[in-house]
file data.cif (mmCIF, C-alpha atoms)
data_final
#
loop_
_atom_site.group_PDB
_atom_site.id
_atom_site.type_symbol
_atom_site.label_atom_id
_atom_site.label_comp_id
_atom_site.auth_asym_id
_atom_site.auth_seq_id
_atom_site.Cartn_x
_atom_site.Cartn_y
_atom_site.Cartn_z
ATOM 1 C CA MET A 1 0.000 0.000 0.000
ATOM 2 C CA LYS A 2 1.274 3.451 -0.825
ATOM 3 C CA LYS A 3 2.079 5.545 2.238
ATOM 4 C CA ARG A 4 1.814 9.338 2.070
ATOM 5 C CA ILE A 5 2.505 11.287 5.214
ATOM 6 C CA LEU A 6 1.315 14.707 6.405
ATOM 7 C CA ILE A 7 3.065 16.385 9.346
ATOM 8 C CA ILE A 8 0.978 19.181 10.866
ATOM 9 C CA GLY A 9 3.161 21.506 12.959
ATOM 10 C CA ALA A 10 6.315 20.551 11.056
ATOM 11 C CA CYS A 11 8.226 23.695 12.103
ATOM 12 C CA GLY A 12 8.071 23.010 15.849
ATOM 13 C CA GLN A 13 10.744 21.452 18.054
ATOM 14 C CA ILE A 14 9.673 17.856 17.367
ATOM 15 C CA GLY A 15 8.141 18.425 13.933
ATOM 16 C CA THR A 16 11.375 19.762 12.425
ATOM 17 C CA GLU A 17 13.368 16.629 13.226
ATOM 18 C CA LEU A 18 10.489 14.254 12.610
ATOM 19 C CA THR A 19 10.027 15.700 9.102
ATOM 20 C CA ALA A 20 13.732 15.358 8.268
ATOM 21 C CA THR A 21 13.848 11.764 9.558
ATOM 22 C CA LEU A 22 10.698 10.667 7.717
ATOM 23 C CA ARG A 23 11.960 12.262 4.497
ATOM 24 C CA LYS A 24 15.147 10.195 4.799
ATOM 25 C CA GLN A 25 13.137 7.045 5.484
ATOM 26 C CA TYR A 26 10.570 7.517 2.718
ATOM 27 C CA ALA A 27 10.862 9.400 -0.567
ATOM 28 C CA SER A 28 10.830 13.159 0.148
ATOM 29 C CA HIS A 29 7.825 13.778 -2.100
ATOM 30 C CA LYS A 30 5.770 11.362 0.038
ATOM 31 C CA VAL A 31 6.272 13.427 3.220
ATOM 32 C CA ILE A 32 4.300 16.683 3.185
ATOM 33 C CA ALA A 33 5.316 19.196 5.835
ATOM 34 C CA SER A 34 2.845 21.847 6.984
ATOM 35 C CA ASP A 35 2.601 24.643 9.525
ATOM 36 C CA ILE A 36 0.828 27.942 10.123
ATOM 37 C CA ARG A 37 3.731 29.702 8.388
ATOM 38 C CA GLU A 38 6.541 28.680 6.056
ATOM 39 C CA GLY A 39 9.527 26.768 7.411
ATOM 40 C CA ASP A 40 13.218 27.545 7.030
ATOM 41 C CA THR A 41 15.004 27.231 3.703
ATOM 42 C CA GLU A 42 16.181 23.689 4.413
ATOM 43 C CA MET A 43 12.658 22.436 5.111
ATOM 44 C CA MET A 44 11.080 24.290 2.179
ATOM 45 C CA GLU A 45 13.649 22.930 -0.289
ATOM 46 C CA ALA A 46 13.714 19.343 1.007
ATOM 47 C CA GLY A 47 10.164 18.409 0.016
ATOM 48 C CA PRO A 48 6.540 19.536 -0.344
ATOM 49 C CA PHE A 49 5.272 22.161 2.116
ATOM 50 C CA GLU A 50 1.776 23.531 2.759
ATOM 51 C CA VAL A 51 0.920 26.613 4.824
ATOM 52 C CA LEU A 52 -1.894 25.172 6.963
ATOM 53 C CA ASP A 53 -3.970 26.222 9.967
ATOM 54 C CA ALA A 54 -4.478 23.051 12.029
ATOM 55 C CA MET A 55 -7.756 24.470 13.373
ATOM 56 C CA ASP A 56 -9.297 24.914 9.891
ATOM 57 C CA TYR A 57 -11.086 21.620 9.142
ATOM 58 C CA ASN A 58 -11.716 22.378 5.461
ATOM 59 C CA ALA A 59 -8.116 23.450 4.880
ATOM 60 C CA VAL A 60 -6.777 20.262 6.524
ATOM 61 C CA GLN A 61 -9.218 18.153 4.493
ATOM 62 C CA ASP A 62 -8.141 19.884 1.259
ATOM 63 C CA VAL A 63 -4.456 19.091 1.921
ATOM 64 C CA VAL A 64 -5.299 15.469 2.839
ATOM 65 C CA ILE A 65 -7.247 14.989 -0.403
ATOM 66 C CA LYS A 66 -4.792 16.914 -2.610
ATOM 67 C CA HIS A 67 -1.797 14.806 -1.489
ATOM 68 C CA GLU A 68 -3.718 11.510 -1.004
ATOM 69 C CA ILE A 69 -2.541 11.377 2.630
ATOM 70 C CA THR A 70 -2.629 8.053 4.490
ATOM 71 C CA ASP A 71 -0.831 8.932 7.755
ATOM 72 C CA VAL A 72 -1.031 12.146 9.779
ATOM 73 C CA TYR A 73 1.382 13.210 12.514
ATOM 74 C CA LEU A 74 -0.387 16.009 14.408
ATOM 75 C CA MET A 75 2.462 17.894 16.128
ATOM 76 C CA ALA A 76 0.808 21.337 16.353
ATOM 77 C CA ALA A 77 0.255 22.373 19.994
ATOM 78 C CA MET A 78 0.639 25.207 22.457
ATOM 79 C CA LEU A 79 3.050 23.993 25.159
ATOM 80 C CA SER A 80 2.771 24.234 28.938
ATOM 81 C CA ALA A 81 4.310 27.595 29.847
ATOM 82 C CA THR A 82 2.772 29.417 26.863
ATOM 83 C CA ALA A 83 -0.680 27.882 27.377
ATOM 84 C CA GLU A 84 -0.732 29.124 30.997
ATOM 85 C CA LYS A 85 -0.464 32.673 29.636
ATOM 86 C CA PHE A 86 -3.149 32.140 26.959
ATOM 87 C CA PRO A 87 -5.493 29.465 28.352
ATOM 88 C CA MET A 88 -8.309 29.593 25.792
ATOM 89 C CA ARG A 89 -5.946 29.876 22.834
ATOM 90 C CA GLY A 90 -4.035 26.864 24.156
ATOM 91 C CA TRP A 91 -7.218 24.840 24.690
ATOM 92 C CA ASN A 92 -8.660 25.715 21.282
ATOM 93 C CA LEU A 93 -5.498 24.882 19.339
ATOM 94 C CA ASN A 94 -4.770 21.656 21.220
ATOM 95 C CA MET A 95 -8.352 20.319 21.039
ATOM 96 C CA ASN A 96 -9.745 21.578 17.713
ATOM 97 C CA SER A 97 -6.720 20.406 15.747
ATOM 98 C CA LEU A 98 -7.164 16.912 17.222
ATOM 99 C CA PHE A 99 -10.884 16.764 16.422
ATOM 100 C CA ASN A 100 -10.151 17.774 12.833
ATOM 101 C CA VAL A 101 -7.881 14.797 12.162
ATOM 102 C CA LEU A 102 -9.960 12.350 14.230
ATOM 103 C CA ASN A 103 -13.057 13.256 12.211
ATOM 104 C CA LEU A 104 -11.204 12.963 8.897
ATOM 105 C CA ALA A 105 -10.091 9.462 9.955
ATOM 106 C CA LYS A 106 -13.619 8.603 11.092
ATOM 107 C CA GLU A 107 -14.810 9.556 7.592
ATOM 108 C CA GLY A 108 -12.221 7.241 6.027
ATOM 109 C CA LYS A 109 -10.011 9.987 4.602
ATOM 110 C CA ILE A 110 -6.972 9.126 6.779
ATOM 111 C CA ASP A 111 -5.743 5.617 7.684
ATOM 112 C CA LYS A 112 -3.588 6.341 10.715
ATOM 113 C CA ILE A 113 -2.941 9.201 13.170
ATOM 114 C CA PHE A 114 -0.096 9.980 15.549
ATOM 115 C CA TRP A 115 -1.014 12.449 18.280
ATOM 116 C CA PRO A 116 1.466 13.289 21.053
ATOM 117 C CA SER A 117 0.445 13.396 24.685
ATOM 118 C CA SER A 118 2.733 14.443 27.547
ATOM 119 C CA ILE A 119 3.729 13.852 31.164
ATOM 120 C CA ALA A 120 1.629 17.004 31.744
ATOM 121 C CA VAL A 121 -1.450 14.706 31.907
ATOM 122 C CA PHE A 122 -0.295 13.782 35.413
ATOM 123 C CA GLY A 123 -0.834 16.078 38.371
ATOM 124 C CA PRO A 124 0.104 16.662 42.025
ATOM 125 C CA THR A 125 -1.940 13.628 43.174
ATOM 126 C CA THR A 126 -0.191 11.238 40.749
ATOM 127 C CA PRO A 127 2.529 8.956 42.232
ATOM 128 C CA GLN A 128 5.732 10.942 41.664
ATOM 129 C CA THR A 129 8.219 8.128 41.080
ATOM 130 C CA GLU A 130 7.923 5.340 38.533
ATOM 131 C CA THR A 131 4.528 6.747 37.573
ATOM 132 C CA PRO A 132 2.468 3.771 36.324
ATOM 133 C CA GLN A 133 0.763 3.534 32.942
ATOM 134 C CA HIS A 134 -2.675 3.549 34.610
ATOM 135 C CA THR A 135 -2.841 5.934 37.547
ATOM 136 C CA ILE A 136 -4.516 9.015 39.023
ATOM 137 C CA MET A 137 -4.545 11.853 36.484
ATOM 138 C CA GLU A 138 -5.580 15.250 37.839
ATOM 139 C CA PRO A 139 -3.578 17.743 35.732
ATOM 140 C CA SER A 140 -3.371 21.305 37.020
ATOM 141 C CA THR A 141 -2.253 23.088 33.830
ATOM 142 C CA VAL A 142 -4.131 24.070 30.658
ATOM 143 C CA TYR A 143 -1.697 21.989 28.617
ATOM 144 C CA GLY A 144 -2.169 18.953 30.858
ATOM 145 C CA ILE A 145 -5.962 19.292 30.862
ATOM 146 C CA SER A 146 -6.017 19.478 27.054
ATOM 147 C CA LYS A 147 -3.695 16.483 26.710
ATOM 148 C CA GLN A 148 -5.660 14.346 29.173
ATOM 149 C CA THR A 149 -8.910 15.237 27.400
ATOM 150 C CA GLY A 150 -7.270 14.410 24.064
ATOM 151 C CA GLU A 151 -6.250 10.977 25.359
ATOM 152 C CA ARG A 152 -9.866 10.227 26.270
ATOM 153 C CA TRP A 153 -11.075 11.308 22.827
ATOM 154 C CA CYS A 154 -8.416 9.221 21.038
ATOM 155 C CA GLU A 155 -9.497 6.132 22.959
ATOM 156 C CA TYR A 156 -13.172 6.934 22.302
ATOM 157 C CA TYR A 157 -12.658 7.312 18.534
ATOM 158 C CA PHE A 158 -10.712 4.023 18.457
ATOM 159 C CA ASN A 159 -13.374 2.123 20.407
ATOM 160 C CA LYS A 160 -16.430 3.751 18.791
ATOM 161 C CA TYR A 161 -15.321 4.290 15.183
ATOM 162 C CA GLY A 162 -12.247 2.096 14.754
ATOM 163 C CA VAL A 163 -9.944 5.098 14.169
ATOM 164 C CA ASP A 164 -6.299 3.927 14.211
ATOM 165 C CA VAL A 165 -4.846 6.612 16.457
ATOM 166 C CA ARG A 166 -1.569 6.100 18.339
ATOM 167 C CA SER A 167 0.006 8.201 21.058
ATOM 168 C CA ILE A 168 2.892 8.470 23.486
ATOM 169 C CA ARG A 169 3.320 10.682 26.537
ATOM 170 C CA TYR A 170 6.499 12.617 25.844
ATOM 171 C CA PRO A 171 8.784 13.528 28.728
ATOM 172 C CA GLY A 172 10.921 16.680 28.428
ATOM 173 C CA LEU A 173 12.670 16.616 25.038
ATOM 174 C CA ILE A 174 16.176 17.900 24.380
ATOM 175 C CA SER A 175 17.618 18.852 20.993
ATOM 176 C CA TYR A 176 20.312 21.123 19.552
ATOM 177 C CA LYS A 177 18.521 21.583 16.226
ATOM 178 C CA THR A 178 15.669 23.850 17.334
ATOM 179 C CA LEU A 179 15.306 26.522 20.008
ATOM 180 C CA PRO A 180 13.133 25.988 23.119
ATOM 181 C CA GLY A 181 9.414 26.222 22.306
ATOM 182 C CA GLY A 182 7.684 27.389 25.496
ATOM 183 C CA GLY A 183 7.773 24.244 27.616
ATOM 184 C CA THR A 184 8.578 23.871 31.316
ATOM 185 C CA THR A 185 11.298 21.289 30.628
ATOM 186 C CA ASP A 186 12.994 23.660 28.158
ATOM 187 C CA TYR A 187 15.577 24.698 30.766
ATOM 188 C CA ALA A 188 17.343 21.467 29.808
ATOM 189 C CA VAL A 189 17.729 22.767 26.241
ATOM 190 C CA ASP A 190 18.490 26.389 27.120
ATOM 191 C CA ILE A 191 21.196 25.427 29.644
ATOM 192 C CA TYR A 192 23.350 23.985 26.834
ATOM 193 C CA HIS A 193 22.906 27.081 24.655
ATOM 194 C CA LYS A 194 23.975 29.315 27.573
ATOM 195 C CA ALA A 195 26.858 26.993 28.499
ATOM 196 C CA VAL A 196 28.302 27.366 24.998
ATOM 197 C CA LYS A 197 27.659 31.122 24.705
ATOM 198 C CA HIS A 198 28.250 32.419 28.243
ATOM 199 C CA ASN A 199 29.523 29.467 30.341
ATOM 200 C CA LYS A 200 26.787 30.272 32.876
ATOM 201 C CA TYR A 201 23.039 29.846 33.235
ATOM 202 C CA ILE A 202 20.214 31.278 35.356
ATOM 203 C CA CYS A 203 17.717 28.449 35.866
ATOM 204 C CA PHE A 204 13.953 29.067 36.201
ATOM 205 C CA LEU A 205 13.549 25.821 38.214
ATOM 206 C CA ASN A 206 15.215 25.016 41.535
ATOM 207 C CA ALA A 207 18.254 22.756 41.780
ATOM 208 C CA GLU A 208 16.368 19.672 43.010
ATOM 209 C CA THR A 209 13.576 19.625 40.385
ATOM 210 C CA THR A 210 13.852 16.111 38.955
ATOM 211 C CA LEU A 211 11.882 15.495 35.761
ATOM 212 C CA PRO A 212 11.700 12.729 33.128
ATOM 213 C CA MET A 213 13.740 13.689 30.060
ATOM 214 C CA MET A 214 14.710 12.267 26.673
ATOM 215 C CA PHE A 215 17.116 13.133 23.866
ATOM 216 C CA MET A 216 15.250 14.042 20.697
ATOM 217 C CA ASP A 217 16.716 11.192 18.611
ATOM 218 C CA ASP A 218 15.110 8.687 20.985
ATOM 219 C CA ALA A 219 11.778 10.542 20.865
ATOM 220 C CA ILE A 220 11.768 10.491 17.053
ATOM 221 C CA ARG A 221 12.545 6.762 17.023
ATOM 222 C CA ALA A 222 9.674 6.144 19.462
ATOM 223 C CA THR A 223 7.269 8.246 17.387
ATOM 224 C CA ILE A 224 8.007 6.436 14.132
ATOM 225 C CA GLY A 225 8.282 3.116 16.002
ATOM 226 C CA ILE A 226 4.731 3.195 17.355
ATOM 227 C CA MET A 227 3.376 4.289 13.957
ATOM 228 C CA GLU A 228 5.124 1.389 12.209
ATOM 229 C CA ALA A 229 4.131 -1.221 14.798
ATOM 230 C CA PRO A 230 1.475 -3.730 13.696
ATOM 231 C CA SER A 231 -1.955 -2.550 14.829
ATOM 232 C CA GLU A 232 -2.481 -5.530 17.136
ATOM 233 C CA LYS A 233 0.663 -4.641 19.110
ATOM 234 C CA VAL A 234 -0.637 -1.156 19.954
ATOM 235 C CA LYS A 235 -2.824 -2.263 22.850
ATOM 236 C CA ILE A 236 -3.205 1.097 24.616
ATOM 237 C CA ARG A 237 -5.212 3.620 22.618
ATOM 238 C CA ASN A 238 -5.174 6.614 24.940
ATOM 239 C CA SER A 239 -1.398 7.113 25.246
ATOM 240 C CA TYR A 240 1.694 5.145 26.254
ATOM 241 C CA ASN A 241 4.068 6.176 29.023
ATOM 242 C CA LEU A 242 7.539 6.770 27.547
ATOM 243 C CA ALA A 243 10.791 7.160 29.477
ATOM 244 C CA ALA A 244 14.543 7.376 29.056
ATOM 245 C CA MET A 245 16.260 9.240 31.940
ATOM 246 C CA SER A 246 15.375 11.485 34.880
ATOM 247 C CA PHE A 247 17.590 14.287 36.180
ATOM 248 C CA ASN A 248 17.532 17.708 37.848
ATOM 249 C CA PRO A 249 19.437 20.949 37.093
ATOM 250 C CA GLU A 250 22.263 19.892 39.466
ATOM 251 C CA ASP A 251 22.718 16.619 37.558
ATOM 252 C CA ILE A 252 22.846 18.356 34.196
ATOM 253 C CA THR A 253 25.299 20.939 35.619
ATOM 254 C CA ALA A 254 27.597 18.148 36.851
ATOM 255 C CA SER A 255 27.431 16.562 33.402
ATOM 256 C CA ILE A 256 28.335 19.864 31.689
ATOM 257 C CA ARG A 257 31.245 20.387 34.116
ATOM 258 C CA LYS A 258 32.809 17.155 32.860
ATOM 259 C CA GLN A 259 33.272 19.094 29.587
ATOM 260 C CA GLN A 260 33.482 22.701 30.931
ATOM 261 C CA LYS A 261 34.974 22.666 34.441
ATOM 262 C CA ASP A 262 34.121 26.288 35.347
ATOM 263 C CA PHE A 263 30.484 26.303 34.143
ATOM 264 C CA GLN A 264 28.318 28.289 36.591
ATOM 265 C CA ILE A 265 24.616 27.994 37.414
ATOM 266 C CA SER A 266 22.312 30.113 39.594
ATOM 267 C CA TYR A 267 18.625 29.726 40.393
ATOM 268 C CA GLU A 268 15.681 32.102 40.038
ATOM 269 C CA PRO A 269 12.537 29.911 40.049
ATOM 270 C CA ASP A 270 9.477 31.475 38.362
ATOM 271 C CA PHE A 271 5.868 30.372 37.644
ATOM 272 C CA ARG A 272 7.189 27.305 35.821
ATOM 273 C CA GLN A 273 8.373 25.849 39.147
ATOM 274 C CA ALA A 274 4.760 25.154 40.191
ATOM 275 C CA ILE A 275 4.129 23.432 36.844
ATOM 276 C CA ALA A 276 7.231 21.236 37.243
ATOM 277 C CA ASP A 277 6.298 20.385 40.853
ATOM 278 C CA SER A 278 2.990 18.964 39.623
ATOM 279 C CA TRP A 279 4.699 16.499 37.268
ATOM 280 C CA PRO A 280 6.300 13.081 37.961
ATOM 281 C CA GLN A 281 9.994 12.632 38.624
ATOM 282 C CA SER A 282 10.250 9.296 36.820
ATOM 283 C CA ILE A 283 8.012 7.207 34.553
ATOM 284 C CA ASP A 284 7.323 3.472 34.284
ATOM 285 C CA ASP A 285 7.122 2.723 30.552
ATOM 286 C CA THR A 286 7.073 -1.090 30.799
ATOM 287 C CA LYS A 287 3.968 -1.359 28.587
ATOM 288 C CA ALA A 288 5.602 0.461 25.638
ATOM 289 C CA ARG A 289 8.676 -1.756 25.959
ATOM 290 C CA GLU A 290 6.590 -4.933 26.111
ATOM 291 C CA ASP A 291 3.919 -4.111 23.524
ATOM 292 C CA TRP A 292 5.831 -2.584 20.602
ATOM 293 C CA GLY A 293 9.490 -2.941 21.527
ATOM 294 C CA TRP A 294 10.378 0.583 22.710
ATOM 295 C CA LYS A 295 13.956 0.979 23.986
ATOM 296 C CA HIS A 296 15.847 4.209 24.612
ATOM 297 C CA GLU A 297 19.524 4.533 23.682
ATOM 298 C CA ILE A 298 20.947 7.840 24.955
ATOM 299 C CA GLU A 299 21.829 8.704 28.590
ATOM 300 C CA LEU A 300 22.729 12.050 30.171
ATOM 301 C CA ASP A 301 26.523 12.252 29.667
ATOM 302 C CA GLU A 302 26.308 11.129 26.047
ATOM 303 C CA MET A 303 23.541 13.685 25.429
ATOM 304 C CA THR A 304 25.638 16.455 27.027
ATOM 305 C CA LYS A 305 28.573 15.601 24.778
ATOM 306 C CA ILE A 306 26.330 15.676 21.654
ATOM 307 C CA MET A 307 24.659 18.962 22.689
ATOM 308 C CA LEU A 308 27.875 20.851 23.489
ATOM 309 C CA GLU A 309 29.686 19.613 20.380
ATOM 310 C CA ASN A 310 26.878 20.586 18.037
ATOM 311 C CA LEU A 311 26.030 23.924 19.654
ATOM 312 C CA GLY A 312 29.711 24.783 19.899
#

call {"tool": "encode", "arguments": {"input": "data.cif", "output": "structure tokens"}}
result
Amino acid sequence: MKKRILIIGACGQIGTELTATLRKQYASHKVIASDIREGDTEMMEAGPFEVLDAMDYNAVQDVVIKHEITDVYLMAAMLSATAEKFPMRGWNLNMNSLFNVLNLAKEGKIDKIFWPSSIAVFGPTTPQTETPQHTIMEPSTVYGISKQTGERWCEYYFNKYGVDVRSIRYPGLISYKTLPGGGTTDYAVDIYHKAVKHNKYICFLNAETTLPMMFMDDAIRATIGIMEAPSEKVKIRNSYNLAAMSFNPEDITASIRKQQKDFQISYEPDFRQAIADSWPQSIDDTKAREDWGWKHEIELDEMTKIMLENLG
């Protein structure tokens, strides 16, 4: 069967690298990138691109029909810190974009959907360590509320209409290829940029804030991995827990100091501290490992080496 892929939100932190990886894996002309505005020169020249508003059902449908799309990766979202500043905008983008692709799949115009969830679905009442796949979920942020609601709708559309939708709960994601995008875990990206430029960093979380994290290469492998898994192996249709490593700003500082001995860090926690405090410190992702063979590859010191080399 011919596969033709549409990435909605291709210019974001994950979308950029996902697009490049899928274009290497499949023929470039079979991977259509799209976003609310044009991408950089590299993205625009590497394959087809559509300027697309994820909240415009008719526009999304037109692109799906025009390019004979089979698989959609819906990466458009307003992240945690930004959505707290603009609650209704965050809710509307995160929910309406999902309904658009779910309904297109329900109508038989799309075969398969990837929609990302997040550790933000958990809340202060969730077990903080080795958070189980099935647990208490009482999110306290706009982003988390929208992601938890989205999980319920994905499961509903699978059970009620047979829509093949697949999802993973991303931890904090770290990459040197794109700038931070308004997430609470973005300190772990920004710290490397500041280490290279200024050899010091002012952190908006406190030193002990341990959060689940993952290097972007692992996240991209997981995303494509769950989409390529046989349907019968994807047994959870709300969203899978996904994990690689957990660390705090002190851990990441110690890792940087193995490369830059005199790197300095100071702490000025802001509103993002309360968001981080509501999230788990570590995640149990046994189900993803058992069901469709997920396995992370990159640990903290290796990631630090990659980040500093590439940003430097």

call {"tool": "resolve_selection", "arguments": {"input": "data.cif", "expression": "the PyMOL selection byres ((chain A and resi 19) around 10)", "output": "list in words"}}
result
Ile5, Leu6, Ile7, Ile8, Gly9, Ala10, Cys11, Ile14, Gly15, Thr16, Glu17, Leu18, Ala20, Thr21, Leu22, Arg23, Lys24, Gln25, Ser28, Val31, Ile32, Ala33, Ser34, Met43, Ala46, Gly47, Tyr73 and Ile220 of chain A

call {"tool": "write_last_selection", "arguments": {"input": "data.cif", "atoms": "C-alpha atoms", "output": "short mmCIF file (atom, residue, chain, number, x, y, z; two decimals), in the frame of the given file"}}
result
data_model
loop_
_atom_site.label_atom_id
_atom_site.label_comp_id
_atom_site.auth_asym_id
_atom_site.auth_seq_id
_atom_site.Cartn_x
_atom_site.Cartn_y
_atom_site.Cartn_z
CA ILE A 5 2.50 11.29 5.21
CA LEU A 6 1.32 14.71 6.40
CA ILE A 7 3.06 16.39 9.35
CA ILE A 8 0.98 19.18 10.87
CA GLY A 9 3.16 21.51 12.96
CA ALA A 10 6.32 20.55 11.06
CA CYS A 11 8.23 23.70 12.10
CA ILE A 14 9.67 17.86 17.37
CA GLY A 15 8.14 18.42 13.93
CA THR A 16 11.38 19.76 12.42
CA GLU A 17 13.37 16.63 13.23
CA LEU A 18 10.49 14.25 12.61
CA ALA A 20 13.73 15.36 8.27
CA THR A 21 13.85 11.76 9.56
CA LEU A 22 10.70 10.67 7.72
CA ARG A 23 11.96 12.26 4.50
CA LYS A 24 15.15 10.20 4.80
CA GLN A 25 13.14 7.04 5.48
CA SER A 28 10.83 13.16 0.15
CA VAL A 31 6.27 13.43 3.22
CA ILE A 32 4.30 16.68 3.18
CA ALA A 33 5.32 19.20 5.84
CA SER A 34 2.84 21.85 6.98
CA MET A 43 12.66 22.44 5.11
CA ALA A 46 13.71 19.34 1.01
CA GLY A 47 10.16 18.41 0.02
CA TYR A 73 1.38 13.21 12.51
CA ILE A 220 11.77 10.49 17.05
#

call {"tool": "resolve_selection", "arguments": {"input": "data.cif", "expression": "the PyMOL selection byres ((chain A and resi 268) around 8)", "output": "list in words"}}
result
Ile202, Cys203, Phe204, Leu205, Asn206, Ser266, Tyr267, Pro269 and Asp270 of chain A

call {"tool": "resolve_selection", "arguments": {"input": "data.cif", "expression": "the PyMOL selection byres ((chain A and resi 200) around 12)", "output": "mmCIF file with C-alpha atoms, in the frame of the given file"}}
result
data_model
loop_
_atom_site.group_PDB
_atom_site.id
_atom_site.type_symbol
_atom_site.label_atom_id
_atom_site.label_comp_id
_atom_site.auth_asym_id
_atom_site.auth_seq_id
_atom_site.Cartn_x
_atom_site.Cartn_y
_atom_site.Cartn_z
ATOM 1 C CA ASP A 190 18.490 26.389 27.120
ATOM 2 C CA ILE A 191 21.196 25.427 29.644
ATOM 3 C CA TYR A 192 23.350 23.985 26.834
ATOM 4 C CA HIS A 193 22.906 27.081 24.655
ATOM 5 C CA LYS A 194 23.975 29.315 27.573
ATOM 6 C CA ALA A 195 26.858 26.993 28.499
ATOM 7 C CA VAL A 196 28.302 27.366 24.998
ATOM 8 C CA LYS A 197 27.659 31.122 24.705
ATOM 9 C CA HIS A 198 28.250 32.419 28.243
ATOM 10 C CA ASN A 199 29.523 29.467 30.341
ATOM 11 C CA TYR A 201 23.039 29.846 33.235
ATOM 12 C CA ILE A 202 20.214 31.278 35.356
ATOM 13 C CA CYS A 203 17.717 28.449 35.866
ATOM 14 C CA THR A 253 25.299 20.939 35.619
ATOM 15 C CA ILE A 256 28.335 19.864 31.689
ATOM 16 C CA ARG A 257 31.245 20.387 34.116
ATOM 17 C CA GLN A 260 33.482 22.701 30.931
ATOM 18 C CA LYS A 261 34.974 22.666 34.441
ATOM 19 C CA ASP A 262 34.121 26.288 35.347
ATOM 20 C CA PHE A 263 30.484 26.303 34.143
ATOM 21 C CA GLN A 264 28.318 28.289 36.591
ATOM 22 C CA ILE A 265 24.616 27.994 37.414
ATOM 23 C CA SER A 266 22.312 30.113 39.594
ATOM 24 C CA TYR A 267 18.625 29.726 40.393
#

call {"tool": "closest_residue", "arguments": {"input": "data.cif", "among": "A:Ile298, A:Ile65, A:Ile236, A:Val72", "to": "Gln133 (chain A)", "atoms": "all atoms listed in the file"}}
result
A:Ile236

call {"tool": "atom_distance", "arguments": {"input": "data.cif", "atom1": "CA of Glu299 (chain A)", "atom2": "CA of Ser246 (chain A)"}}
result
9.4 Å

call {"tool": "residues_around", "arguments": {"input": "data.cif", "residues": "Ala83 (chain A)", "least_positions_apart": "4", "cutoff": "7 Å", "atoms": "all atoms listed in the file", "output": "PyMOL selection string"}}
result
chain A and resi 78-79+87+90+142-143

call {"tool": "atom_distance", "arguments": {"input": "data.cif", "atom1": "CA of Leu211 (chain A)", "atom2": "CA of Trp279 (chain A)"}}
result
7.4 Å

call {"tool": "closest_residue", "arguments": {"input": "data.cif", "among": "A:Asn159, A:Thr210, A:Thr178, A:Thr70", "to": "Ile283 (chain A)", "atoms": "all atoms listed in the file"}}
result
A:Thr210

call {"tool": "decode", "arguments": {"input": "data.cif", "residues": "region 270-282 of chain A", "atoms": "N, CA and C atoms", "output": "short mmCIF file (atom, residue, chain, number, x, y, z; two decimals), in the first residue's frame"}}
result
data_model
loop_
_atom_site.label_atom_id
_atom_site.label_comp_id
_atom_site.auth_asym_id
_atom_site.auth_seq_id
_atom_site.Cartn_x
_atom_site.Cartn_y
_atom_site.Cartn_z
N ASP A 270 10.62 30.62 38.70
CA ASP A 270 9.48 31.47 38.36
C ASP A 270 8.21 30.63 38.35
N PHE A 271 7.16 31.07 37.64
CA PHE A 271 5.87 30.37 37.64
C PHE A 271 5.97 28.94 37.12
N ARG A 272 7.03 28.65 36.37
CA ARG A 272 7.19 27.31 35.82
C ARG A 272 7.56 26.28 36.89
N GLN A 273 8.04 26.77 38.05
CA GLN A 273 8.37 25.85 39.15
C GLN A 273 7.13 25.08 39.62
N ALA A 274 6.00 25.80 39.75
CA ALA A 274 4.76 25.15 40.19
C ALA A 274 4.29 24.11 39.18
N ILE A 275 4.49 24.40 37.88
CA ILE A 275 4.13 23.43 36.84
C ILE A 275 4.99 22.17 37.00
N ALA A 276 6.30 22.37 37.12
CA ALA A 276 7.23 21.24 37.24
C ALA A 276 6.94 20.41 38.49
N ASP A 277 6.58 21.09 39.60
CA ASP A 277 6.30 20.38 40.85
C ASP A 277 5.07 19.49 40.76
N SER A 278 4.20 19.77 39.78
CA SER A 278 2.99 18.96 39.62
C SER A 278 3.22 17.73 38.75
N TRP A 279 4.41 17.60 38.20
CA TRP A 279 4.70 16.50 37.27
C TRP A 279 5.53 15.40 37.94
N PRO A 280 5.51 14.18 37.39
CA PRO A 280 6.30 13.08 37.96
C PRO A 280 7.80 13.32 37.85
N GLN A 281 8.53 12.58 38.67
CA GLN A 281 9.99 12.63 38.62
C GLN A 281 10.56 11.51 37.76
N SER A 282 9.82 10.41 37.68
CA SER A 282 10.25 9.30 36.82
C SER A 282 9.01 8.52 36.36
#
